[in-house]
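S.K.: Contents are compact mmCIF, C-alpha atoms and all ligand atoms; file name start07.txt:
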# COMPACT_ATOMS: atom_id res chain seq x y z
CA MET A 139 122.27 -83.59 26.25
CA SER A 140 123.25 -79.96 25.68
CA ALA A 141 126.20 -79.07 23.49
CA SER A 142 128.16 -77.80 26.47
CA THR A 143 127.85 -81.12 28.33
CA ALA A 144 128.46 -83.34 25.31
CA PHE A 145 131.85 -84.50 26.57
CA THR A 146 134.07 -84.01 29.58
CA ALA A 147 137.05 -86.19 28.60
CA ALA A 148 139.59 -85.22 25.97
CA ILE A 149 142.14 -87.75 24.74
CA VAL A 150 145.45 -86.38 23.48
CA PRO A 151 147.56 -89.08 21.82
CA ALA A 152 151.22 -88.28 22.39
CA ALA A 153 152.92 -91.67 22.18
CA GLY A 154 154.21 -91.53 18.61
CA LEU A 155 157.86 -91.83 17.67
CA GLY A 156 158.10 -88.34 16.17
CA THR A 157 160.47 -89.58 13.49
CA ARG A 158 160.19 -86.40 11.44
CA PHE A 159 161.84 -84.56 14.32
CA LEU A 160 164.78 -86.91 14.74
CA PRO A 161 167.36 -86.56 16.13
CA THR A 162 165.72 -84.23 18.72
CA THR A 163 163.00 -86.76 19.52
CA LYS A 164 165.67 -89.23 20.70
CA ALA A 165 165.36 -87.33 23.99
CA VAL A 166 162.65 -84.65 23.75
CA PRO A 167 159.01 -85.48 22.93
CA LYS A 168 157.89 -83.44 19.92
CA GLU A 169 154.70 -82.51 21.82
CA LEU A 170 156.89 -80.42 24.18
CA LEU A 171 158.76 -78.45 21.54
CA PRO A 172 158.03 -74.77 22.23
CA VAL A 173 156.00 -72.62 19.87
CA VAL A 174 157.78 -69.45 21.07
CA ASP A 175 157.81 -70.46 24.77
CA THR A 176 154.82 -72.76 25.12
CA PRO A 177 154.54 -76.39 23.97
CA GLY A 178 151.92 -77.13 21.32
CA ILE A 179 150.22 -79.60 23.64
CA GLU A 180 149.37 -76.78 26.09
CA TYR A 181 147.51 -74.88 23.35
CA VAL A 182 145.57 -78.04 22.53
CA ALA A 183 144.76 -78.69 26.22
CA ALA A 184 143.55 -75.10 26.54
CA GLU A 185 141.32 -75.59 23.50
CA ALA A 186 139.82 -78.75 25.06
CA ALA A 187 139.19 -76.94 28.36
CA GLU A 188 137.58 -74.01 26.55
CA ALA A 189 135.19 -76.44 24.84
CA GLY A 190 134.08 -77.87 28.19
CA ALA A 191 136.46 -80.77 28.84
CA THR A 192 137.45 -81.24 32.47
CA ARG A 193 139.71 -84.28 32.06
CA LEU A 194 142.75 -84.62 29.80
CA ILE A 195 143.79 -88.18 29.06
CA ILE A 196 147.32 -88.04 27.69
CA VAL A 197 148.43 -91.19 25.90
CA THR A 198 152.18 -91.47 26.37
CA SER A 199 154.78 -94.17 25.93
CA PRO A 200 157.73 -95.38 27.98
CA GLY A 201 160.40 -92.67 27.66
CA LYS A 202 157.91 -89.84 27.05
CA GLU A 203 156.96 -89.30 30.71
CA ALA A 204 157.90 -85.62 30.40
CA VAL A 205 154.66 -84.98 28.47
CA ALA A 206 152.55 -85.94 31.50
CA GLN A 207 154.96 -84.22 33.91
CA TYR A 208 154.37 -80.99 32.06
CA PHE A 209 150.78 -80.96 33.37
CA GLN A 210 151.80 -81.56 37.00
CA PRO A 211 152.36 -78.68 39.48
CA ARG A 212 155.97 -77.78 40.39
CA PRO A 213 155.66 -76.56 44.02
CA GLU A 214 159.42 -76.00 44.56
CA LEU A 215 159.78 -73.95 41.40
CA GLU A 216 156.64 -72.00 42.29
CA LYS A 217 158.08 -71.24 45.75
CA THR A 218 161.31 -69.95 44.23
CA LEU A 219 159.53 -67.75 41.70
CA GLU A 220 157.17 -66.46 44.41
CA ALA A 221 160.10 -65.57 46.67
CA ARG A 222 161.71 -63.66 43.80
CA GLY A 223 158.47 -61.84 42.99
CA LYS A 224 158.32 -63.29 39.47
CA THR A 225 154.55 -63.27 39.18
CA ALA A 226 154.34 -63.37 35.38
CA LEU A 227 156.57 -66.47 35.29
CA LEU A 228 154.58 -67.99 38.15
CA ASP A 229 151.40 -67.61 36.10
CA LYS A 230 153.06 -69.37 33.17
CA VAL A 231 154.24 -72.26 35.35
CA ARG A 232 150.76 -72.74 36.85
CA ARG A 233 148.87 -72.40 33.59
CA ALA A 234 149.01 -75.99 32.21
CA PRO A 235 148.23 -77.82 35.51
CA GLY A 236 145.34 -75.39 36.08
CA LEU A 237 143.60 -76.03 32.77
CA LEU A 238 142.03 -79.41 33.49
CA ALA A 239 142.77 -82.61 35.42
CA ALA A 240 145.44 -84.56 33.55
CA GLU A 241 145.82 -88.31 33.69
CA THR A 242 147.77 -90.75 31.56
CA ALA A 243 147.27 -93.90 29.55
CA ILE A 244 150.27 -95.83 28.31
CA GLN A 245 150.78 -97.07 24.76
CA GLU A 246 153.66 -99.52 25.10
CA GLU A 247 154.41 -99.59 21.38
CA ALA A 248 153.63 -97.06 18.64
CA LEU A 249 151.12 -99.20 16.75
CA GLY A 250 149.20 -96.28 15.28
CA LEU A 251 146.79 -93.49 16.18
CA GLY A 252 143.80 -95.85 16.40
CA HIS A 253 145.68 -98.09 18.80
CA ALA A 254 146.74 -95.06 20.88
CA VAL A 255 143.12 -93.90 21.24
CA GLY A 256 142.10 -97.46 22.21
CA CYS A 257 144.69 -97.40 25.02
CA ALA A 258 142.65 -94.64 26.69
CA GLU A 259 139.45 -96.72 27.00
CA PRO A 260 140.19 -97.86 30.60
CA ASN A 261 140.38 -94.17 31.60
CA LEU A 262 136.78 -93.52 30.54
CA ARG A 263 133.93 -93.34 33.02
CA PRO A 264 130.53 -94.98 32.59
CA GLU A 265 128.94 -91.59 31.91
CA ASP A 266 131.32 -90.74 29.03
CA GLU A 267 129.01 -91.26 26.06
CA ALA A 268 131.36 -89.40 23.76
CA VAL A 269 134.98 -88.36 23.95
CA ALA A 270 136.98 -85.67 22.21
CA VAL A 271 140.30 -86.58 20.58
CA LEU A 272 142.73 -83.76 19.84
CA LEU A 273 146.02 -84.31 18.04
CA PRO A 274 148.67 -82.22 19.77
CA ASP A 275 150.55 -81.51 16.56
CA ASP A 276 147.56 -79.84 14.93
CA LEU A 277 146.71 -76.26 15.86
CA VAL A 278 143.25 -75.28 14.59
CA LEU A 279 142.78 -71.52 14.79
CA PRO A 280 140.89 -69.66 16.00
CA THR A 281 139.59 -72.14 18.58
CA GLY A 282 135.90 -72.93 18.77
CA VAL A 283 135.45 -75.77 16.30
CA LEU A 284 134.99 -78.33 19.11
CA ALA A 285 132.02 -76.41 20.49
CA ARG A 286 130.47 -76.37 17.01
CA MET A 287 131.17 -80.12 16.70
CA ALA A 288 129.39 -80.71 20.03
CA GLN A 289 126.40 -78.75 18.74
CA VAL A 290 126.27 -80.93 15.62
CA ARG A 291 126.44 -84.12 17.72
CA ALA A 292 123.58 -82.83 19.88
CA GLU A 293 121.51 -82.30 16.69
CA LYS A 294 122.47 -85.33 14.64
CA GLY A 295 123.96 -87.86 17.07
CA GLY A 296 126.86 -90.14 16.22
CA SER A 297 130.36 -88.81 15.75
CA VAL A 298 131.54 -85.46 14.44
CA LEU A 299 134.94 -84.67 13.00
CA CYS A 300 136.69 -81.53 11.84
CA ALA A 301 137.60 -81.14 8.16
CA VAL A 302 139.75 -78.66 6.30
CA ASP A 303 139.68 -78.18 2.54
CA VAL A 304 143.25 -78.87 1.34
CA PRO A 305 144.81 -78.53 -2.13
CA LEU A 306 144.40 -81.74 -4.17
CA GLU A 307 148.17 -82.29 -4.33
CA GLU A 308 148.30 -82.49 -0.52
CA VAL A 309 145.46 -84.96 0.12
CA SER A 310 147.75 -87.99 0.20
CA ALA A 311 149.11 -86.81 3.57
CA TYR A 312 145.69 -86.99 5.26
CA GLY A 313 142.63 -88.99 6.19
CA VAL A 314 140.16 -87.89 3.48
CA PHE A 315 136.34 -87.78 3.67
CA ASP A 316 133.75 -88.91 1.16
CA VAL A 317 131.11 -86.27 1.88
CA GLU A 318 127.50 -85.52 1.00
CA GLU A 319 125.96 -82.03 1.08
CA ILE A 320 123.08 -81.63 3.54
CA GLY A 321 122.24 -78.01 2.82
CA GLU A 322 124.40 -76.53 5.57
CA ASP A 323 127.39 -74.37 4.79
CA ASP A 324 129.78 -75.75 7.41
CA VAL A 325 128.41 -79.27 8.02
CA LYS A 326 128.53 -82.28 5.70
CA LYS A 327 127.50 -85.89 6.08
CA VAL A 328 130.35 -88.38 5.79
CA ASN A 329 129.72 -91.51 3.71
CA GLY A 330 133.24 -92.90 3.92
CA MET A 331 136.79 -92.12 4.94
CA VAL A 332 140.14 -93.23 3.56
CA GLU A 333 143.61 -92.80 5.03
CA LYS A 334 146.29 -91.14 2.85
CA PRO A 335 144.77 -91.82 -0.62
CA PRO A 336 146.72 -90.99 -3.80
CA ALA A 337 145.37 -87.70 -5.20
CA ASP A 338 143.66 -89.40 -8.17
CA GLN A 339 141.74 -91.72 -5.83
CA ALA A 340 140.78 -89.19 -3.17
CA PRO A 341 137.00 -88.96 -2.65
CA SER A 342 137.23 -85.20 -1.93
CA THR A 343 139.67 -82.56 -0.80
CA PHE A 344 138.17 -82.47 2.71
CA ALA A 345 140.84 -83.77 5.06
CA ALA A 346 140.76 -84.68 8.75
CA ALA A 347 142.18 -81.87 10.87
CA GLY A 348 143.07 -83.52 14.16
CA ARG A 349 139.83 -82.86 16.06
CA TYR A 350 137.36 -85.68 16.65
CA LEU A 351 134.24 -85.93 18.79
CA LEU A 352 133.71 -89.66 18.90
CA ASP A 353 130.81 -91.68 20.16
CA ARG A 354 131.91 -94.35 22.61
CA ALA A 355 131.11 -96.94 19.92
CA ILE A 356 134.55 -96.10 18.47
CA PHE A 357 136.25 -98.28 21.09
CA ASP A 358 134.38 -101.36 19.92
CA ALA A 359 135.22 -100.52 16.30
CA LEU A 360 138.91 -100.09 17.20
CA LYS A 361 138.96 -103.68 18.45
CA ARG A 362 137.64 -104.94 15.13
CA ILE A 363 140.05 -103.30 12.66
CA THR A 364 143.28 -104.71 11.30
CA PRO A 365 146.48 -102.79 10.50
CA GLY A 366 146.01 -100.42 7.54
CA ALA A 367 148.14 -97.70 5.93
CA GLY A 368 151.75 -97.89 7.15
CA GLY A 369 151.00 -101.16 9.00
CA GLU A 370 149.36 -99.12 11.79
CA LEU A 371 145.97 -99.41 13.44
CA GLN A 372 144.32 -96.35 11.93
CA LEU A 373 141.62 -94.29 13.65
CA THR A 374 140.37 -93.57 10.13
CA ASP A 375 139.68 -97.27 9.54
CA ALA A 376 137.65 -97.56 12.77
CA ILE A 377 135.58 -94.52 11.75
CA ALA A 378 135.10 -95.98 8.24
CA LEU A 379 133.91 -99.22 9.85
CA LEU A 380 131.35 -97.35 11.98
CA ILE A 381 130.10 -95.49 8.90
CA SER A 382 129.68 -98.77 7.00
CA GLU A 383 127.51 -100.01 9.87
CA GLY A 384 125.18 -97.01 9.70
CA HIS A 385 126.68 -94.91 12.52
CA PRO A 386 126.05 -91.23 11.68
CA VAL A 387 129.26 -89.28 11.04
CA HIS A 388 129.41 -85.62 10.08
CA VAL A 389 132.19 -83.12 9.57
CA VAL A 390 132.34 -79.49 10.54
CA VAL A 391 134.38 -77.66 7.91
CA HIS A 392 136.90 -75.36 9.55
CA ARG A 393 137.74 -72.40 7.34
CA GLY A 394 140.15 -70.60 9.63
CA GLY A 395 143.85 -71.12 10.12
CA ARG A 396 145.76 -74.27 10.90
CA HIS A 397 149.31 -75.23 11.75
CA ASP A 398 150.84 -78.68 11.44
CA LEU A 399 153.44 -78.93 14.18
CA GLY A 400 154.30 -82.52 13.27
CA ASN A 401 157.13 -81.70 10.87
CA PRO A 402 159.93 -79.13 11.11
CA GLY A 403 158.63 -77.03 8.19
CA GLY A 404 155.12 -76.66 9.61
CA PHE A 405 156.46 -76.20 13.11
CA LEU A 406 158.71 -73.34 12.03
CA ARG A 407 155.82 -71.57 10.31
CA ALA A 408 153.75 -71.83 13.50
CA ALA A 409 156.63 -70.54 15.61
CA VAL A 410 157.20 -67.57 13.30
CA ASP A 411 153.46 -66.86 13.09
CA PHE A 412 153.07 -66.85 16.88
CA ALA A 413 156.31 -64.94 17.43
CA LEU A 414 155.30 -62.18 15.00
CA ASP A 415 152.23 -61.56 17.19
CA HIS A 416 154.26 -61.63 20.41
CA PRO A 417 154.61 -58.20 22.04
CA GLU A 418 158.19 -58.84 23.15
CA TYR A 419 159.63 -60.75 20.20
CA GLY A 420 157.35 -59.69 17.33
CA PRO A 421 158.79 -56.30 16.33
CA GLY A 422 162.42 -57.45 16.37
CA LEU A 423 161.65 -60.65 14.49
CA ARG A 424 159.68 -58.76 11.83
CA ALA A 425 162.56 -56.37 11.19
CA TRP A 426 165.10 -59.20 11.12
CA LEU A 427 162.97 -61.32 8.77
CA ARG A 428 162.60 -58.39 6.34
CA ASP A 429 166.40 -58.02 6.16
CA ARG A 430 166.97 -61.75 5.99
CA VAL A 431 164.48 -62.27 3.17
CA ALA A 432 165.84 -59.29 1.23
CA ASP A 433 169.36 -60.79 1.32
P1 LIG A 501 151.84 -88.54 13.86
O1 LIG A 501 151.90 -89.57 12.81
O2 LIG A 501 151.81 -87.12 13.45
O3 LIG A 501 153.02 -88.68 14.90
O4 LIG A 501 150.60 -88.86 14.80
P2 LIG A 501 154.30 -89.58 14.95
O5 LIG A 501 154.01 -90.96 14.45
O6 LIG A 501 154.85 -89.44 16.32
O7 LIG A 501 155.25 -88.77 13.96
P3 LIG A 501 156.21 -89.23 12.77
O8 LIG A 501 155.29 -89.51 11.63
O9 LIG A 501 156.99 -90.43 13.23
O10 LIG A 501 157.07 -88.04 12.54
C1 LIG A 501 149.70 -87.88 15.30
C2 LIG A 501 149.64 -87.94 16.82
O11 LIG A 501 149.32 -89.25 17.25
C3 LIG A 501 150.26 -89.72 18.19
C4 LIG A 501 151.51 -88.88 17.97
O12 LIG A 501 152.26 -88.76 19.19
C5 LIG A 501 150.96 -87.56 17.47
O13 LIG A 501 150.71 -86.68 18.53
N1 LIG A 501 150.50 -91.16 17.99
C6 LIG A 501 150.81 -91.63 16.75
C7 LIG A 501 150.43 -92.01 19.07
O14 LIG A 501 150.14 -91.58 20.21
N2 LIG A 501 150.71 -93.34 18.89
C8 LIG A 501 151.02 -93.85 17.67
O15 LIG A 501 151.25 -95.09 17.58
C9 LIG A 501 151.06 -92.97 16.57
Turn the structure described in the file into structure tokens.
Ligand code: UTP
M.R.:
Amino acid sequence: MSASTAFTAAIVPAAGLGTRFLPTTKAVPKELLPVVDTPGIEYVAAEAAEAGATRLIIVTSPGKEAVAQYFQPRPELEKTLEARGKTALLDKVRRAPGLLAAETAIQEEALGLGHAVGCAEPNLRPEDEAVAVLLPDDLVLPTGVLARMAQVRAEKGGSVLCAVDVPLEEVSAYGVFDVEEIGEDDVKKVNGMVEKPPADQAPSTFAAAGRYLLDRAIFDALKRITPGAGGELQLTDAIALLISEGHPVHVVVHRGGRHDLGNPGGFLRAAVDFALDHPEYGPGLRAWLRDRVAD
């Protein structure tokens, strides 16, 4: 199997409660909050498409239907924009539905990330030997790590995850890898994984960065785990179970940028970062920020 055909399905879990964005998430899914004018989940879908995925399986929950709607065409709106000659806006409206074929899986109750991924199993096809999982609140920049992960799976088999090296005082917010050097600069073998460890018990400072290329065996492992950290069914625990059974797991270490859109502080940084590069809003924002910070 060549790296470019390693997976065609990408699962994007978007059924969480988004409590860190309350009260907004009473009514608006956090995955649709705009980074400048585009929801984070569109950037993540574009990244999956760029890496070769043709199907996007969005895991949503009752009340979050808008996330799936975002990937459907809007013919009436398109007609109106066309009639008004608004071609740039028309391109924006068509962009998300044109990226890849979106379908949904429903997670009735937010029982954890592992449970959410498991809800997508019925959407898989017999030929899906591996599946990509992308967390929509994690922007990994520049894109390209998934293609590298597919290359590593083609060489070593098993499952491949993305790691970022985080400061020790931040490890307790992440799934953390116990890694072994294998003589490659950006690839390490994973001997274990633990969800949100206290800093003094963390096996390393390599943390999971919201990109997973998982062998189909993960779905069997997800059925065999029990609730872990936070009382949730953790994807980390299913991966740890596979490792303990001899399933090869490697990480690709991403050394570029990253934004965590899952909390207001990280989200604001991403919005400012993207806006500063925006041809229309960048110059004005830069000037305003200089004044504001000098105050
Ligand atoms: P997060 O833990 O960041 O999202 O999960 P959350 O639980 O919605 O947010 P908080 O902690 O309450 O603020 C990462 C991704 O996994 C999805 C979320 O929607 C998010 O995109 N998720 C999480 C599910 O789909 N189902 C779950 O049960 C939990």
S.K.: Give me the chain A side of the contact with ligand LIG 501 (chain A), cut-off 6 Å, one line per residue showing its nearest atom pair and distance in Å at one decimal, counting all atoms listed in the file, sorted by chain and residue number, as a Markdown table.
M.R.:
| residue | atom | partner | partner_atom | distance |
| --- | --- | --- | --- | --- |
| A:Pro151 | CA | A:LIG501 | O14 | 3.9 |
| A:Ala152 | CA | A:LIG501 | O12 | 3.4 |
| A:Ala153 | CA | A:LIG501 | O14 | 3.4 |
| A:Gly154 | CA | A:LIG501 | O6 | 3.2 |
| A:Leu155 | CA | A:LIG501 | O6 | 4.1 |
| A:Gly156 | CA | A:LIG501 | O6 | 3.4 |
| A:Thr157 | CA | A:LIG501 | O9 | 3.6 |
| A:Arg158 | CA | A:LIG501 | O10 | 3.7 |
| A:Val197 | CA | A:LIG501 | O14 | 6.0 |
| A:Ala248 | CA | A:LIG501 | O15 | 3.3 |
| A:Leu249 | CA | A:LIG501 | O15 | 4.2 |
| A:Gly250 | CA | A:LIG501 | O15 | 3.3 |
| A:Leu251 | CA | A:LIG501 | C9 | 4.3 |
| A:Ala254 | CA | A:LIG501 | N2 | 4.8 |
| A:Leu273 | CA | A:LIG501 | C2 | 5.3 |
| A:Pro274 | CA | A:LIG501 | O13 | 5.1 |
| A:Asp275 | CA | A:LIG501 | O13 | 5.5 |
| A:Gly400 | CA | A:LIG501 | O2 | 5.2 |
S.K.: At a cut-off of 10 Å, using all atoms listed in the file, what residues contact A:Phe209? Leave out same-chain residues fewer than 6 positions from it and give the result as a count of residues only.
M.R.: 16
S.K.: Extract, using all atoms listed in the file, all DNA, RNA and protein residues at most 9 Å from A:Lys294, discarding same-chain residues fewer than 4 positions from it, and format them as a PyMOL selection string.
M.R.: chain A and resi 289-290+386-388
S.K.: Please provide as a count of residues only all residues within 9 Å of stretch 332-336 of chain A, with the sequence filter that same-chain residues fewer than 2 positions apart are discarded (counting only C-alpha atoms).
M.R.: 21
S.K.: Which is closest to A:Arg349 among A:Val302, A:Leu414, A:Ile320, A:Val325, if we use all atoms listed in the file?
M.R.: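 The shortest atom-to-atom distance to A:Arg349 comes from A:Val302.
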S.K.: Any idea what the distance is between atom CA of A:Thr242 and atom CA of A:Tyr350?
M.R.: 18.9 Å
S.K.: Just to confirm, what's the straight-line distance from atom CA of A:Pro161 to atom CA of A:Ala408 in Å (one decimal)?
M.R.: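 According to the coordinates, atom CA of A:Pro161 and atom CA of A:Ala408 are separated by 20.2 Å.
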S.K.: Which residue gives the smallest distance to A:Ala355 among A:Lys327, A:Lys217, A:Arg263, A:His385, with all atoms listed in the file counted?
M.R.: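 With all atoms listed in the file as the atom set, the closest residue is A:His385.
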S.K.: Between atom CA of A:Ile356 and atom CA of A:His397, what is the distance in Å, rounded to a tenth?
M.R.: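 Separating atom CA of A:Ile356 from atom CA of A:His397 is a distance of 26.4 Å.
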S.K.: Hey, which of A:Val390, A:Arg354, A:Val304, A:Gly368 ends up closest to A:Val328? Count only C-alpha atoms.
M.R.: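 Closest residue, counting only C-alpha atoms: A:Val390.
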S.K.: Calculated over only C-alpha atoms, which of the candidates A:Leu406, A:Ala144, A:Ala347, A:Cys257 has the smallest distance to A:Ala292?
M.R.: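 So, comparing all the options, the nearest one is A:Ala144.
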S.K.: With all atoms listed in the file counted, which protein, DNA or RNA residues have an atom no more than 12 Å from (161.6, -64.7, 20.4) in the file frame? Please answer as a list in words.
M.R.: Pro172, Val173, Val174, Asp175, Thr176, Ala409, Val410, Asp411, Phe412, Ala413, Leu414, Asp415, His416, Pro417, Glu418, Tyr419, Gly420, Pro421, Gly422, Leu423, Arg424 and Trp426 of chain A
S.K.: Put the listed atoms of stretch 316-321 of chain A in a box along x, y and z with 3 Å added on every side and give me the centre and edge lengths in Å to one decimal, as AutoDock Vina command-line options.
M.R.:
--center_x 128.0 --center_y -83.5 --center_z 2.3 --size_x 17.5 --size_y 16.9 --size_z 8.5
S.K.: Within 12 Å of A:Glu259, counting all atoms listed in the file, which residues qualify if same-chain residues fewer than 6 places away don't, as a ChimeraX atom specification?
M.R.: /A:147-149,195-197,242-245,252-253,266-269,354-358,360-361
S.K.: Given the choices A:Leu371, A:Leu215, A:Leu284, A:Ala221, which gets closest to A:Glu247 if the distance is worked out from all atoms listed in the file?
M.R.: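 That would be A:Leu371, the residue with the smallest distance to A:Glu247.
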S.K.: Taking all atoms listed in the file into account, which of A:Ala189, A:Pro213, A:Pro402, A:Glu203 comes nearest A:Leu228?
M.R.: A:Pro213
